[in-house]
Amino acid sequence: MSTKTVSTKTAAVIEDRAQLVEYFAKGEKPAERWRIGTEHEKFVYWMDGSHRAPSYEERGGIHALLIGLTEFGWKPIYEGEHVIALSGPDGAISLEPAGQFELSGAPLENLHDTCAETGRHLKQVKAVGDRLGIGFLGMGMWPDKTRAELPIMPKGRYEIMLRHMPRVGSLGLDMMLRTCTIQVNLDYASEADMAKKFRVGLALQPLATALFANSPFTEGKPNGYLSYRSHIWSDTDPARTGMLPFVFEDGFGYERYADYALDVPMYFVYRDGKYIDAAGLSFRDFLKGELSVLPGELPTMDDWADHLSTAFPEVRMKQFLEMRGADGGRWGRICALPALWVGLLYDSGALDAAWDLVKGWSMEGREALRSAVPKLALDAPLPGGGKLADIAGEVLDIAGAGLKARGRLNGSGDNESGFLDPLREIVRTGKVPAQVLLDRYHGDWQGDITRVYGEAKF
């Protein structure tokens with residue numbers, strides 16, 4: 001989730017609805033300026049055998065971890081008196097609500113740079129973590145923690161969301177406190193390019209969810225799902241989640257997404273370093289100066305940017321597109337997710353081939369696939385017959401061809417397609433990460449969930 005670093009005082013006031021649409025158009029970039037932004041979260045735990053999640057304040061805890069990373073050149077970002085994030089050449093480090101540790105990577109030109117950035121980050125956090133006695137776990141959901149066992153980070157927007165989530169869904173607190181994801185942010189050249197990428201991204205997001213499914217345990221036991229993290233989104237807040245059927249309608253573009261975002265209820269307004277609770281209120285009222293918590297005040301463009309960050313569909317638009325379907329995982333899979341989406345979306349031939357594969361699916365079929373994937377992963381039924389596994393290899397071949405066509409080589413002359421290898425292995429074996437963990441749980445672990453800390457740690 002976003003970390004706010006500046007006040008909105010100097011931002012332009014929104015005087016015309018057209019400014020909201022223009023915001024998305026300003027994200028357009030020619031292909032030579034397209035970049036890759038990778039975000040990945042991980043769970044933090046004490047390595048003393050308790051596997052407890054450290055709080056922010058305790059000695060050697062989350063605050064100490066943040067401060068420890070400043071030795072690598074990271075600069076603190078404060079909210080009030082608390083360091084709640086870091087900024088640096090590799091992007092930003094931030095805290096999720098229960099202390100999940102996130103790197104929001106810098107916008108980079110190729111996957112070689114992206115994976116090197118991931119490696120630097122993991123090396124740094126492990127160096128500080130080893131000194132503090134802290135470890136990091138790469139999964140989509142805490143395998144053994146109850147909500148009550150988890151700390152809360154001192155961030156104002158989280159206080160608002162924690163109050164609001166139970167009003168709109170039964171699993172929103174689990175989303176905030178008990179999940180981790182990998183996410184990829186990608187550019188578009190035009191409104192038409194955005195629309196095509198958005199449609200392919202939404203249609204194939206269930207495949208990403210399946211390939212990265214890595215959350216089969218809840219409170220120490222199998223939960224009946226392969227990606228429980230994905231299931232959680234089905235009952236978090238229906239007003240701001242889902243597959244966005246309108247994206248597949250004729251005429252979809254910036255204006256239609258702006259209309260959708262305006263109908264997403266607000267969470268907050270940020271003023272003078274503080275978050276004002278606006279949960280459930282309407283941004284449309286804000287545009288008219290009728291927001292009850294700030295009567296007479298009009299929103300700024302920073303308020304619009306903040307508001308866009310509070311919608312949580314499977315693909316989200318800001319001034320780039322965010323692919324949001326994957327569970328958290330270990331190092332190789334962090335590199336594999338951007339490889340999948342860059343391969344599919346950043347080469348015109350691959351994008352056309354991917355769209356040809358999914359364009360005939362009905363919206364009902366897409367929704368049914370999305371609903372089935374959390375439990376069934378690659379065994380989920382495809383629209384029109386067959387299983388998701390039947391197209392997984394073909395999609396990876398399309399992505400691989402797209403990466404080869406990009407021709408981004410490292411110093412050894414290798415293109416980017418090798419980053420797909422962890423996904424190719426999943427397709428070859430037919431077992432997603434969650435199924436491997438379940439086999440271990442029922443096999444040599446003999447039901448001992450603590451063994452997962454040895455299996456899934458960084």
# chains A, B, ... in the order shown; residues from 1 in each chain; ligands from 1

call {"tool": "residues_around", "arguments": {"residues": "Pro238 in chain A", "least_positions_apart": "6", "cutoff": "10 Å", "atoms": "only C-alpha atoms", "output": "mmCIF file with C-alpha atoms, in the first residue's frame"}}
result
data_model
loop_
_atom_site.group_PDB
_atom_site.id
_atom_site.type_symbol
_atom_site.label_atom_id
_atom_site.label_comp_id
_atom_site.auth_asym_id
_atom_site.auth_seq_id
_atom_site.Cartn_x
_atom_site.Cartn_y
_atom_site.Cartn_z
ATOM 1 C CA VAL A 168 -17.871 -3.830 4.313
ATOM 2 C CA GLY A 169 -16.559 -7.417 4.356
ATOM 3 C CA VAL A 264 -15.253 3.857 -5.085
ATOM 4 C CA PHE A 312 -8.130 -2.773 -5.174
ATOM 5 C CA PRO A 313 -9.236 -4.482 -8.415
#

call {"tool": "select_by_dssp", "arguments": {"residues": "range 332-361 of chain A", "states": "alpha helix (DSSP H)", "output": "MDAnalysis selection string"}}
result
chainID A and resid 332:345 348:358

call {"tool": "residues_around", "arguments": {"residues": "Pro222 in chain A", "least_positions_apart": "5", "cutoff": "12 Å", "atoms": "only C-alpha atoms", "output": "list in words"}}
result
Met141, Trp142, Pro143, Asp144, Asn214, Ser215, Pro216, Phe217, Ser227, Tyr228, Lys375, Ala434, Gln435, Leu437, Leu438, Asp439, Arg440, Tyr441, His442, Gly447, Asp448 and Ile449 of chain A

call {"tool": "write_last_selection", "arguments": {"atoms": "C-alpha atoms", "output": "short mmCIF file (atom, residue, chain, number, x, y, z; two decimals), in the first residue's frame"}}
result
data_model
loop_
_atom_site.label_atom_id
_atom_site.label_comp_id
_atom_site.auth_asym_id
_atom_site.auth_seq_id
_atom_site.Cartn_x
_atom_site.Cartn_y
_atom_site.Cartn_z
CA MET A 141 -0.43 -15.50 3.93
CA TRP A 142 0.83 -15.97 7.46
CA PRO A 143 0.74 -19.76 7.84
CA ASP A 144 0.21 -19.82 11.59
CA ASN A 214 1.30 -19.92 -2.08
CA SER A 215 -1.12 -19.52 0.83
CA PRO A 216 -2.56 -22.94 1.75
CA PHE A 217 -2.41 -22.62 5.56
CA SER A 227 -4.31 -19.19 -2.72
CA TYR A 228 -6.26 -18.18 0.34
CA LYS A 375 -9.09 -23.39 -4.56
CA ALA A 434 1.04 -24.30 -2.38
CA GLN A 435 0.68 -27.90 -3.49
CA LEU A 437 3.99 -27.13 0.67
CA LEU A 438 0.90 -29.25 1.31
CA ASP A 439 2.76 -32.35 0.19
CA ARG A 440 5.49 -31.53 2.70
CA TYR A 441 2.96 -30.80 5.46
CA HIS A 442 1.22 -34.14 4.98
CA GLY A 447 1.68 -31.81 10.31
CA ASP A 448 4.30 -29.59 11.97
CA ILE A 449 3.63 -26.13 10.51
#

call {"tool": "closest_atom_pairs", "arguments": {"of": "range 85-138 of chain A", "to": "range 150-163 of chain A", "cutoff": "8 Å", "atoms": "only C-alpha atoms", "output": "CSV"}}
result
residue,atom,partner,partner_atom,distance
A:Leu95,CA,A:Met153,CA,7.3
A:Glu96,CA,A:Met153,CA,7.5
A:Pro97,CA,A:Met153,CA,5.4
A:Ala98,CA,A:Ile152,CA,4.8
A:Gly99,CA,A:Met153,CA,6.1

call {"tool": "closest_residue", "arguments": {"among": "A:Arg271, A:Arg178, A:Arg240, A:Lys318", "to": "Ala258 in chain A", "atoms": "only C-alpha atoms"}}
result
A:Lys318

call {"tool": "atom_distance", "arguments": {"atom1": "CA of Lys196 in chain A", "atom2": "CA of Ala350 in chain A"}}
result
11.8 Å

call {"tool": "closest_atom_pairs", "arguments": {"of": "range 102-146 of chain A", "to": "range 326-332 of chain A", "cutoff": "9 Å", "atoms": "only C-alpha atoms", "output": "Markdown table"}}
result
| residue | atom | partner | partner_atom | distance |
| --- | --- | --- | --- | --- |
| A:Cys115 | CA | A:Trp331 | CA | 8.6 |
| A:Thr118 | CA | A:Trp331 | CA | 7.5 |
| A:Gly119 | CA | A:Trp331 | CA | 7.7 |
| A:Leu122 | CA | A:Trp331 | CA | 8.3 |
| A:Leu137 | CA | A:Arg330 | CA | 7.9 |
| A:Gly138 | CA | A:Gly329 | CA | 4.2 |
| A:Met139 | CA | A:Gly328 | CA | 4.7 |
| A:Gly140 | CA | A:Asp327 | CA | 4.3 |
| A:Met141 | CA | A:Gly328 | CA | 7.8 |

call {"tool": "write_last_selection", "arguments": {"atoms": "N, CA and C atoms", "output": "compact mmCIF listing (two decimals), in the first residue's frame"}}
result
# COMPACT_ATOMS: atom_id res chain seq x y z
N CYS A 115 15.78 -7.87 -11.36
CA CYS A 115 16.17 -8.99 -10.51
C CYS A 115 17.40 -8.64 -9.68
N THR A 118 16.15 -6.70 -6.74
CA THR A 118 15.59 -7.62 -5.75
C THR A 118 16.70 -8.27 -4.94
N GLY A 119 17.74 -8.72 -5.63
CA GLY A 119 18.86 -9.35 -4.93
C GLY A 119 19.54 -8.41 -3.95
N LEU A 122 17.20 -7.96 -0.85
CA LEU A 122 17.17 -9.12 0.03
C LEU A 122 18.48 -9.29 0.77
N LEU A 137 9.93 -14.32 5.58
CA LEU A 137 9.20 -15.47 5.04
C LEU A 137 8.50 -15.07 3.76
N GLY A 138 8.69 -15.88 2.70
CA GLY A 138 8.08 -15.60 1.41
C GLY A 138 6.86 -16.46 1.16
N MET A 139 5.69 -15.98 1.58
CA MET A 139 4.43 -16.68 1.36
C MET A 139 3.34 -15.65 1.08
N GLY A 140 2.16 -16.15 0.70
CA GLY A 140 1.05 -15.26 0.44
C GLY A 140 0.22 -14.93 1.65
N MET A 141 0.34 -15.74 2.71
CA MET A 141 -0.43 -15.50 3.93
C MET A 141 0.34 -16.08 5.10

call {"tool": "closest_residue", "arguments": {"among": "A:Glu102, A:Asp259, A:Asp303, A:Glu416", "to": "Ile276 in chain A", "atoms": "only C-alpha atoms"}}
result
A:Asp303

call {"tool": "closest_residue", "arguments": {"among": "A:Gly296, A:Gly133, A:Gly91, A:Pro30", "to": "Glu117 in chain A", "atoms": "only C-alpha atoms"}}
result
A:Gly91

call {"tool": "atom_distance", "arguments": {"atom1": "CA of Arg147 in chain A", "atom2": "CA of Tyr78 in chain A"}}
result
26.1 Å

call {"tool": "closest_residue", "arguments": {"among": "A:Ala380, A:Leu294, A:Val184, A:Met194", "to": "Glu39 in chain A", "atoms": "only C-alpha atoms"}}
result
A:Val184

call {"tool": "residues_around", "arguments": {"residues": "Leu66 in chain A", "least_positions_apart": "5", "cutoff": "12 Å", "atoms": "only C-alpha atoms", "output": "JSON, numbers by chain"}}
result
{"A": [56, 57, 60, 61, 71, 72, 73, 74, 75, 76, 77, 78, 82, 83, 84, 85, 86, 87, 92, 93, 94, 95, 99, 101, 102, 103, 124, 125, 128, 129, 132]}

call {"tool": "write_last_selection", "arguments": {"atoms": "N, CA and C atoms", "output": "short mmCIF file (atom, residue, chain, number, x, y, z; two decimals), in the first residue's frame"}}
result
data_model
loop_
_atom_site.label_atom_id
_atom_site.label_comp_id
_atom_site.auth_asym_id
_atom_site.auth_seq_id
_atom_site.Cartn_x
_atom_site.Cartn_y
_atom_site.Cartn_z
N TYR A 56 6.48 -2.80 16.13
CA TYR A 56 7.26 -1.64 15.71
C TYR A 56 8.19 -1.18 16.82
N GLU A 57 7.67 -1.11 18.05
CA GLU A 57 8.38 -0.44 19.13
C GLU A 57 9.40 -1.31 19.85
N GLY A 60 14.87 -4.09 18.90
CA GLY A 60 15.26 -4.94 17.77
C GLY A 60 14.14 -5.24 16.81
N GLY A 61 12.99 -4.54 16.93
CA GLY A 61 11.83 -4.82 16.11
C GLY A 61 11.82 -4.07 14.78
N GLU A 71 22.11 2.24 6.89
CA GLU A 71 23.55 2.07 6.65
C GLU A 71 23.83 1.76 5.18
N PHE A 72 22.77 1.39 4.42
CA PHE A 72 22.94 1.13 2.99
C PHE A 72 22.50 2.34 2.15
N GLY A 73 22.32 3.48 2.79
CA GLY A 73 21.98 4.70 2.07
C GLY A 73 20.51 5.03 2.00
N TRP A 74 19.67 4.22 2.61
CA TRP A 74 18.23 4.53 2.64
C TRP A 74 17.97 5.71 3.56
N LYS A 75 17.02 6.57 3.16
CA LYS A 75 16.69 7.77 3.93
C LYS A 75 15.33 7.61 4.61
N PRO A 76 15.24 7.96 5.90
CA PRO A 76 13.97 7.77 6.61
C PRO A 76 12.86 8.69 6.10
N ILE A 77 11.65 8.18 6.11
CA ILE A 77 10.44 8.95 5.86
C ILE A 77 9.60 8.87 7.12
N TYR A 78 9.18 10.02 7.60
CA TYR A 78 8.47 10.09 8.88
C TYR A 78 6.98 10.33 8.67
N HIS A 82 7.28 8.96 13.89
CA HIS A 82 7.64 7.59 13.56
C HIS A 82 8.27 7.49 12.16
N VAL A 83 9.34 6.74 12.06
CA VAL A 83 9.87 6.36 10.76
C VAL A 83 8.99 5.23 10.23
N ILE A 84 8.30 5.50 9.12
CA ILE A 84 7.35 4.50 8.62
C ILE A 84 7.73 4.00 7.23
N ALA A 85 8.82 4.54 6.66
CA ALA A 85 9.25 4.12 5.33
C ALA A 85 10.67 4.63 5.09
N LEU A 86 11.25 4.19 3.98
CA LEU A 86 12.59 4.61 3.58
C LEU A 86 12.57 4.89 2.08
N SER A 87 13.40 5.83 1.64
CA SER A 87 13.55 6.09 0.22
C SER A 87 15.01 5.95 -0.18
N ALA A 92 11.45 2.54 -2.78
CA ALA A 92 10.99 2.83 -1.42
C ALA A 92 10.75 1.54 -0.67
N ILE A 93 11.03 1.58 0.63
CA ILE A 93 10.70 0.48 1.54
C ILE A 93 9.59 0.98 2.44
N SER A 94 8.54 0.20 2.57
CA SER A 94 7.41 0.63 3.39
C SER A 94 6.88 -0.53 4.21
N LEU A 95 5.97 -0.20 5.11
CA LEU A 95 5.39 -1.18 6.03
C LEU A 95 3.93 -1.41 5.70
N GLY A 99 3.27 -5.02 9.75
CA GLY A 99 4.72 -5.07 9.68
C GLY A 99 5.28 -5.85 8.52
N PHE A 101 6.99 -6.35 5.24
CA PHE A 101 8.05 -5.46 4.76
C PHE A 101 8.01 -5.43 3.24
N GLU A 102 7.88 -4.25 2.66
CA GLU A 102 7.69 -4.13 1.22
C GLU A 102 8.78 -3.30 0.57
N LEU A 103 9.29 -3.78 -0.55
CA LEU A 103 10.09 -2.96 -1.45
C LEU A 103 9.23 -2.59 -2.64
N GLN A 124 20.43 -6.88 1.71
CA GLN A 124 20.48 -5.85 2.74
C GLN A 124 19.58 -6.20 3.93
N VAL A 125 18.34 -6.61 3.66
CA VAL A 125 17.44 -6.89 4.78
C VAL A 125 17.92 -8.12 5.55
N VAL A 128 20.81 -6.99 7.95
CA VAL A 128 20.29 -6.32 9.15
C VAL A 128 19.49 -7.29 9.99
N GLY A 129 18.67 -8.11 9.34
CA GLY A 129 17.86 -9.07 10.07
C GLY A 129 18.68 -10.07 10.85
N LEU A 132 19.81 -8.57 14.01
CA LEU A 132 18.73 -8.35 14.98
C LEU A 132 18.07 -9.66 15.43
#

call {"tool": "atom_distance", "arguments": {"atom1": "CA of Arg131 in chain A", "atom2": "CA of Tyr453 in chain A"}}
result
18.2 Å

call {"tool": "closest_residue", "arguments": {"among": "A:Leu298, A:Ala18, A:Ala11, A:Leu345", "to": "Leu186 in chain A", "atoms": "only C-alpha atoms"}}
result
A:Leu345

call {"tool": "select_by_dssp", "arguments": {"residues": "range 295-415 of chain A", "states": "strand (DSSP E or B)", "output": "JSON, numbers by chain"}}
result
{"A": [300, 312, 313, 315, 316, 317, 321, 322, 323, 324, 325, 326, 327, 381, 387]}

call {"tool": "residues_around", "arguments": {"residues": "range 241-253 of chain A", "least_positions_apart": "2", "cutoff": "8 Å", "atoms": "only C-alpha atoms", "output": "list of chain:residue names"}}
result
A:Glu191, A:Ala192, A:Met194, A:Ala195, A:Phe198, A:Arg199, A:Leu202, A:Trp233, A:Ser234, A:Thr236, A:Asp237, A:Pro238, A:Ala239, A:Glu255, A:Arg256, A:Tyr257, A:Ala311, A:Phe312, A:Pro313, A:Glu314, A:Val315, A:Met363, A:Glu367

call {"tool": "write_last_selection", "arguments": {"atoms": "C-alpha atoms", "output": "JSON list (two decimals), in the first residue's frame"}}
result
[["chain", "number", "residue", "atom", "x", "y", "z"],
["A", 191, "GLU", "CA", -5.46, 5.05, -24.35],
["A", 192, "ALA", "CA", -5.93, 2.19, -26.80],
["A", 194, "MET", "CA", -3.80, 0.90, -22.03],
["A", 195, "ALA", "CA", -7.19, -0.68, -22.77],
["A", 198, "PHE", "CA", -5.80, -3.83, -19.11],
["A", 199, "ARG", "CA", -8.02, -6.43, -20.78],
["A", 202, "LEU", "CA", -7.51, -8.88, -16.19],
["A", 233, "TRP", "CA", -10.18, -10.44, -1.84],
["A", 234, "SER", "CA", -13.60, -11.94, -2.64],
["A", 236, "THR", "CA", -12.87, -7.63, 1.47],
["A", 237, "ASP", "CA", -14.92, -4.77, 0.00],
["A", 238, "PRO", "CA", -17.00, -5.35, -3.14],
["A", 239, "ALA", "CA", -17.08, -1.62, -3.91],
["A", 255, "GLU", "CA", -13.02, 8.37, -18.73],
["A", 256, "ARG", "CA", -14.76, 5.11, -17.86],
["A", 257, "TYR", "CA", -12.07, 4.22, -15.32],
["A", 311, "ALA", "CA", -9.24, 0.87, -5.15],
["A", 312, "PHE", "CA", -8.13, -2.77, -5.17],
["A", 313, "PRO", "CA", -9.24, -4.48, -8.42],
["A", 314, "GLU", "CA", -7.25, -7.34, -9.95],
["A", 315, "VAL", "CA", -5.61, -4.77, -12.26],
["A", 363, "MET", "CA", -17.55, -12.11, -18.73],
["A", 367, "GLU", "CA", -15.70, -14.36, -13.30]]

call {"tool": "decode", "arguments": {"residues": "range 297-360 of chain A", "atoms": "C-alpha atoms", "output": "compact mmCIF listing (two decimals), in the first residue's frame"}}
result
# COMPACT_ATOMS: atom_id res chain seq x y z
CA GLU A 297 -12.90 22.53 0.45
CA LEU A 298 -12.16 21.20 -3.03
CA PRO A 299 -9.84 18.25 -3.69
CA THR A 300 -6.38 18.54 -5.23
CA MET A 301 -4.76 16.28 -7.79
CA ASP A 302 -2.81 14.70 -4.93
CA ASP A 303 -6.13 13.80 -3.34
CA TRP A 304 -7.13 12.11 -6.59
CA ALA A 305 -3.85 10.18 -6.69
CA ASP A 306 -4.39 9.11 -3.07
CA HIS A 307 -7.94 8.05 -3.81
CA LEU A 308 -6.89 5.93 -6.79
CA SER A 309 -4.58 3.99 -4.44
CA THR A 310 -7.59 2.90 -2.37
CA ALA A 311 -9.24 0.87 -5.15
CA PHE A 312 -8.13 -2.77 -5.17
CA PRO A 313 -9.24 -4.48 -8.42
CA GLU A 314 -7.25 -7.34 -9.95
CA VAL A 315 -5.61 -4.77 -12.26
CA ARG A 316 -5.41 -1.15 -11.15
CA MET A 317 -4.67 2.00 -13.10
CA LYS A 318 -2.86 5.04 -11.76
CA GLN A 319 -0.51 6.57 -14.36
CA PHE A 320 0.56 2.99 -15.10
CA LEU A 321 -1.08 -0.42 -14.79
CA GLU A 322 -0.60 -2.60 -11.71
CA MET A 323 -0.82 -6.40 -11.98
CA ARG A 324 -2.11 -7.48 -8.56
CA GLY A 325 -2.98 -11.19 -8.64
CA ALA A 326 0.07 -12.99 -7.23
CA ASP A 327 0.83 -14.37 -3.78
CA GLY A 328 4.11 -13.49 -2.12
CA GLY A 329 6.98 -15.89 -2.64
CA ARG A 330 10.72 -16.34 -2.61
CA TRP A 331 13.43 -14.74 -4.75
CA GLY A 332 13.04 -16.61 -8.04
CA ARG A 333 9.29 -16.01 -8.17
CA ILE A 334 9.77 -12.31 -7.44
CA CYS A 335 11.75 -12.13 -10.69
CA ALA A 336 9.32 -14.41 -12.55
CA LEU A 337 6.20 -12.28 -12.14
CA PRO A 338 7.54 -9.22 -13.98
CA ALA A 339 8.95 -11.60 -16.61
CA LEU A 340 5.46 -12.98 -17.21
CA TRP A 341 3.78 -9.62 -17.61
CA VAL A 342 6.58 -7.83 -19.45
CA GLY A 343 6.73 -10.72 -21.90
CA LEU A 344 2.99 -10.58 -22.52
CA LEU A 345 2.42 -6.83 -22.55
CA TYR A 346 5.59 -5.08 -23.73
CA ASP A 347 5.90 -6.71 -27.16
CA SER A 348 3.15 -6.01 -29.68
CA GLY A 349 3.23 -9.51 -31.17
CA ALA A 350 2.94 -11.14 -27.77
CA LEU A 351 0.17 -8.76 -26.72
CA ASP A 352 -1.80 -9.61 -29.86
CA ALA A 353 -1.28 -13.34 -29.30
CA ALA A 354 -2.36 -13.11 -25.67
CA TRP A 355 -5.48 -11.14 -26.59
CA ASP A 356 -6.35 -13.68 -29.30
CA LEU A 357 -6.19 -16.38 -26.64
CA VAL A 358 -8.68 -14.71 -24.27
CA LYS A 359 -10.84 -12.34 -26.31
CA GLY A 360 -13.56 -14.93 -26.87
